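K.L.:
Contents of protein-v9.cif (mmCIF, C-alpha atoms, pLDDT in the B column; chains and numbers go by the auth columns) are given next:
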data_target
#
loop_
_atom_site.group_PDB
_atom_site.id
_atom_site.type_symbol
_atom_site.label_atom_id
_atom_site.label_comp_id
_atom_site.label_asym_id
_atom_site.label_seq_id
_atom_site.Cartn_x
_atom_site.Cartn_y
_atom_site.Cartn_z
_atom_site.B_iso_or_equiv
_atom_site.auth_seq_id
_atom_site.auth_asym_id
ATOM 1 C CA MET A 1 -16.813 4.818 -12.860 88.00 1 B
ATOM 2 C CA PRO A 2 -14.254 2.103 -12.005 96.00 2 B
ATOM 3 C CA LYS A 3 -12.722 2.044 -8.555 97.00 3 B
ATOM 4 C CA GLY A 4 -9.021 2.561 -7.947 98.00 4 B
ATOM 5 C CA TYR A 5 -6.646 0.396 -5.962 98.00 5 B
ATOM 6 C CA ILE A 6 -3.260 0.650 -4.309 98.00 6 B
ATOM 7 C CA ILE A 7 -1.755 -2.835 -4.193 97.00 7 B
ATOM 8 C CA GLY A 8 1.446 -3.588 -2.327 96.00 8 B
ATOM 9 C CA HIS A 9 3.609 -6.682 -2.191 97.00 9 B
ATOM 10 C CA VAL A 10 6.083 -6.430 0.680 96.00 10 B
ATOM 11 C CA THR A 11 8.784 -8.389 2.465 96.00 11 B
ATOM 12 C CA VAL A 12 9.460 -6.747 5.827 96.00 12 B
ATOM 13 C CA HIS A 13 13.021 -6.859 7.198 97.00 13 B
ATOM 14 C CA ASP A 14 12.447 -4.993 10.472 96.00 14 B
ATOM 15 C CA PRO A 15 8.978 -5.800 11.843 94.00 15 B
ATOM 16 C CA GLU A 16 9.291 -3.426 14.813 96.00 16 B
ATOM 17 C CA ALA A 17 10.150 -0.422 12.648 95.00 17 B
ATOM 18 C CA TYR A 18 7.492 -1.427 10.094 94.00 18 B
ATOM 19 C CA LYS A 19 4.771 -1.125 12.759 94.00 19 B
ATOM 20 C CA GLU A 20 5.235 2.649 12.664 95.00 20 B
ATOM 21 C CA TYR A 21 4.653 2.651 8.901 95.00 21 B
ATOM 22 C CA VAL A 22 1.376 0.724 9.258 92.00 22 B
ATOM 23 C CA ALA A 23 0.179 2.915 12.137 94.00 23 B
ATOM 24 C CA ARG A 24 0.911 6.132 10.247 95.00 24 B
ATOM 25 C CA ASN A 25 -0.138 5.143 6.727 94.00 25 B
ATOM 26 C CA THR A 26 -3.572 3.834 7.661 93.00 26 B
ATOM 27 C CA PRO A 27 -5.103 7.202 8.639 95.00 27 B
ATOM 28 C CA VAL A 28 -3.560 8.947 5.625 96.00 28 B
ATOM 29 C CA LEU A 29 -4.807 6.371 3.109 96.00 29 B
ATOM 30 C CA ALA A 30 -8.225 6.306 4.812 96.00 30 B
ATOM 31 C CA SER A 31 -8.470 10.108 4.614 97.00 31 B
ATOM 32 C CA PHE A 32 -8.710 9.719 0.818 97.00 32 B
ATOM 33 C CA GLY A 33 -11.543 7.213 1.177 97.00 33 B
ATOM 34 C CA GLY A 34 -9.252 4.176 1.145 97.00 34 B
ATOM 35 C CA LYS A 35 -10.715 0.929 2.425 96.00 35 B
ATOM 36 C CA PRO A 36 -8.314 -1.928 3.246 95.00 36 B
ATOM 37 C CA LEU A 37 -9.385 -5.101 1.422 96.00 37 B
ATOM 38 C CA ILE A 38 -6.241 -7.165 2.028 95.00 38 B
ATOM 39 C CA ARG A 39 -3.732 -6.733 4.843 91.00 39 B
ATOM 40 C CA GLY A 40 -1.410 -9.661 5.301 86.00 40 B
ATOM 41 C CA GLY A 41 -3.007 -13.067 5.543 88.00 41 B
ATOM 42 C CA GLU A 42 -1.970 -16.369 4.075 91.00 42 B
ATOM 43 C CA ALA A 43 -0.847 -16.324 0.442 92.00 43 B
ATOM 44 C CA VAL A 44 0.840 -18.474 -2.173 92.00 44 B
ATOM 45 C CA THR A 45 2.967 -17.199 -5.041 92.00 45 B
ATOM 46 C CA PRO A 46 2.606 -19.584 -7.980 93.00 46 B
ATOM 47 C CA GLU A 47 4.415 -17.143 -10.310 93.00 47 B
ATOM 48 C CA GLY A 48 6.757 -14.178 -10.088 91.00 48 B
ATOM 49 C CA PRO A 49 8.869 -12.745 -7.285 90.00 49 B
ATOM 50 C CA GLN A 50 7.823 -13.833 -3.821 93.00 50 B
ATOM 51 C CA PHE A 51 6.857 -11.327 -1.139 95.00 51 B
ATOM 52 C CA THR A 52 5.642 -12.242 2.335 93.00 52 B
ATOM 53 C CA ARG A 53 2.939 -9.586 2.841 94.00 53 B
ATOM 54 C CA HIS A 54 0.226 -8.319 0.507 96.00 54 B
ATOM 55 C CA VAL A 55 -1.975 -5.247 0.914 95.00 55 B
ATOM 56 C CA CYS A 56 -4.800 -3.777 -1.159 97.00 56 B
ATOM 57 C CA PHE A 57 -6.663 -0.518 -0.502 97.00 57 B
ATOM 58 C CA GLU A 58 -9.784 0.276 -2.536 98.00 58 B
ATOM 59 C CA TYR A 59 -10.676 3.858 -3.525 98.00 59 B
ATOM 60 C CA PRO A 60 -13.754 5.427 -5.090 97.00 60 B
ATOM 61 C CA ASP A 61 -11.831 5.898 -8.362 97.00 61 B
ATOM 62 C CA PHE A 62 -8.388 5.719 -9.967 98.00 62 B
ATOM 63 C CA GLU A 63 -7.689 9.454 -9.600 98.00 63 B
ATOM 64 C CA THR A 64 -8.316 9.286 -5.854 98.00 64 B
ATOM 65 C CA ALA A 65 -6.031 6.246 -5.494 98.00 65 B
ATOM 66 C CA LYS A 66 -3.263 8.165 -7.292 98.00 66 B
ATOM 67 C CA ALA A 67 -3.885 11.245 -5.144 98.00 67 B
ATOM 68 C CA ALA A 68 -3.540 9.154 -1.974 98.00 68 B
ATOM 69 C CA TYR A 69 -0.286 7.532 -3.102 98.00 69 B
ATOM 70 C CA TYR A 70 1.293 10.756 -4.361 98.00 70 B
ATOM 71 C CA SER A 71 0.103 12.861 -1.422 98.00 71 B
ATOM 72 C CA GLU A 72 2.793 14.708 0.480 97.00 72 B
ATOM 73 C CA GLU A 73 1.746 12.956 3.695 97.00 73 B
ATOM 74 C CA TYR A 74 2.030 9.450 2.248 97.00 74 B
ATOM 75 C CA GLN A 75 5.305 10.177 0.455 97.00 75 B
ATOM 76 C CA GLU A 76 6.837 11.134 3.800 97.00 76 B
ATOM 77 C CA ILE A 77 5.531 8.009 5.577 97.00 77 B
ATOM 78 C CA MET A 78 6.579 5.803 2.661 96.00 78 B
ATOM 79 C CA LYS A 79 10.219 6.416 3.612 97.00 79 B
ATOM 80 C CA ILE A 80 9.694 4.155 6.651 97.00 80 B
ATOM 81 C CA ARG A 81 8.575 1.270 4.408 97.00 81 B
ATOM 82 C CA VAL A 82 11.437 1.788 1.972 97.00 82 B
ATOM 83 C CA ALA A 83 13.963 1.720 4.837 97.00 83 B
ATOM 84 C CA ASN A 84 12.559 -1.445 6.424 97.00 84 B
ATOM 85 C CA ALA A 85 11.191 -3.618 3.613 97.00 85 B
ATOM 86 C CA ASP A 86 11.466 -4.629 -0.024 97.00 86 B
ATOM 87 C CA SER A 87 8.273 -3.821 -1.880 96.00 87 B
ATOM 88 C CA MET A 88 6.472 -3.476 -5.156 97.00 88 B
ATOM 89 C CA ILE A 89 3.532 -1.065 -5.242 97.00 89 B
ATOM 90 C CA VAL A 90 1.032 -0.572 -8.050 98.00 90 B
ATOM 91 C CA VAL A 91 -1.789 1.951 -8.364 98.00 91 B
ATOM 92 C CA VAL A 92 -4.394 0.491 -10.706 98.00 92 B
ATOM 93 C CA GLU A 93 -7.820 1.218 -12.142 97.00 93 B
ATOM 94 C CA GLY A 94 -10.409 -1.472 -11.516 96.00 94 B
ATOM 95 C CA ALA A 95 -12.705 -3.053 -14.080 90.00 95 B
ATOM 96 C CA ALA A 96 -15.637 -0.977 -15.221 73.00 96 B
#
Kindly transcribe the structure held in the file into structure tokens.
P.N.:
Amino acid sequence: MPKGYIIGHVTVHDPEAYKEYVARNTPVLASFGGKPLIRGGEAVTPEGPQFTRHVCFEYPDFETAKAAYYSEEYQEIMKIRVANADSMIVVVEGAA
């Protein structure tokens, strides 16, 4: 069964406020079996819109990745990100 991923591309506007989002989202995403593969780090954007931060959490499967993203707990915490950053998030099924 293919793994699932939550991938985020983010440009943070208020780094201090964004710290709360990171601190609160990590335990929620991990509670669904999420494992952070990418969290920041150096990046180049050869194509498409440019974001300054990139994040990828791996899940046992696509359904679990969707459950984590759409969970009531994450949807509440997500409001912090939306208020303090521009972002593009995708929930995707990995290759078989």
K.L.:
Can you work out which one of B:Val12, B:Met1, B:Ile7, B:Ala68 has the shortest atom-to-atom distance to Asp86 (chain B), counting only C-alpha atoms?
P.N.:
B:Val12
K.L.:
What is the CA of Thr11 (chain B)-CA of Leu37 (chain B) distance in Å, reported with one decimal?
P.N.:
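CA of Thr11 (chain B) sits 18.5 Å away from CA of Leu37 (chain B).
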K.L.:
Using Å and a single decimal, report how far CA of His13 (chain B) sits from CA of Tyr69 (chain B).
P.N.:
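Answer for the CA of Tyr69 (chain B) to CA of His13 (chain B) separation: 22.1 Å.
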K.L.:
Which residues are close to Gly48 (chain B), i.e. within 12 Å by only C-alpha atoms, leaving aside same-chain residues fewer than 4 positions away? Reply as a count of residues only.
P.N.:
3
K.L.:
With the PyMOL selection byres ((chain B and resi 14) around 12) as the selection, what would be picked from this file? Answer as a list in words, please.
P.N.:
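What the PyMOL selection byres ((chain B and resi 14) around 12) grabs from the file is Val10, Thr11, Val12, His13, Pro15, Glu16, Ala17, Tyr18, Lys19, Glu20, Tyr21, Ile80, Arg81, Val82, Ala83, Asn84, Ala85 and Asp86 of chain B.
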K.L.:
Taking all atoms listed in the file into account, which of B:Val91, B:Ile77, B:Ile38, B:Ala43 comes nearest Asn25 (chain B)?
P.N.:
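Among B:Val91, B:Ile77, B:Ile38, B:Ala43, it is B:Ile77 that comes nearest to Asn25 (chain B).
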K.L.:
Counting only C-alpha atoms, figure out which residue out of B:Gly8, B:Val90, B:Pro2, B:Ala23 gets nearest to His54 (chain B).
P.N.:
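Going through B:Gly8, B:Val90, B:Pro2, B:Ala23 one by one, the smallest distance to His54 (chain B) is for B:Gly8.
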K.L.:
Between B:Val55, B:Ala65, B:Ile89, B:Val22, single out the one closest to Gly34 (chain B), counting all atoms listed in the file.
P.N.:
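Result for the nearest residue to Gly34 (chain B): B:Ala65.
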K.L.:
Can you measure CA of Ala95 (chain B) to CA of Ala67 (chain B) for me? One decimal in Å is fine.
P.N.:
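Distance between the two atoms: 19.0 Å.
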K.L.:
From the list B:Glu47, B:Gly33, B:Val28, B:Glu73, which residue is nearest Asp61 (chain B) when using only C-alpha atoms?
P.N.:
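With only C-alpha atoms as the atom set, the closest residue is B:Gly33.
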K.L.:
Name the residues in contact with Gly94 (chain B) at a cut-off of 8 Å, using only C-alpha atoms, excluding same-chain residues fewer than 2 positions from it; report them as an MDAnalysis selection string.
P.N.:
chainID B and resid 2:5 62 92 96
K.L.:
Could you check which of B:Pro36, B:Tyr70, B:Gln75, B:Ser87 is closest to Glu58 (chain B), using all atoms listed in the file?
P.N.:
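Going through B:Pro36, B:Tyr70, B:Gln75, B:Ser87 one by one, the smallest distance to Glu58 (chain B) is for B:Pro36.
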K.L.:
Would you compute, for all listed atoms of region 32-41 of chain B, the axis-aligned bounding box grown by 4 Å on each side, and then report its centre and edge lengths in Å rounded to one decimal, as lines of an AutoDock Vina configuration file?
P.N.:
center_x = -6.5
center_y = -1.7
center_z = 3.2
size_x = 18.1
size_y = 30.8
size_z = 12.7
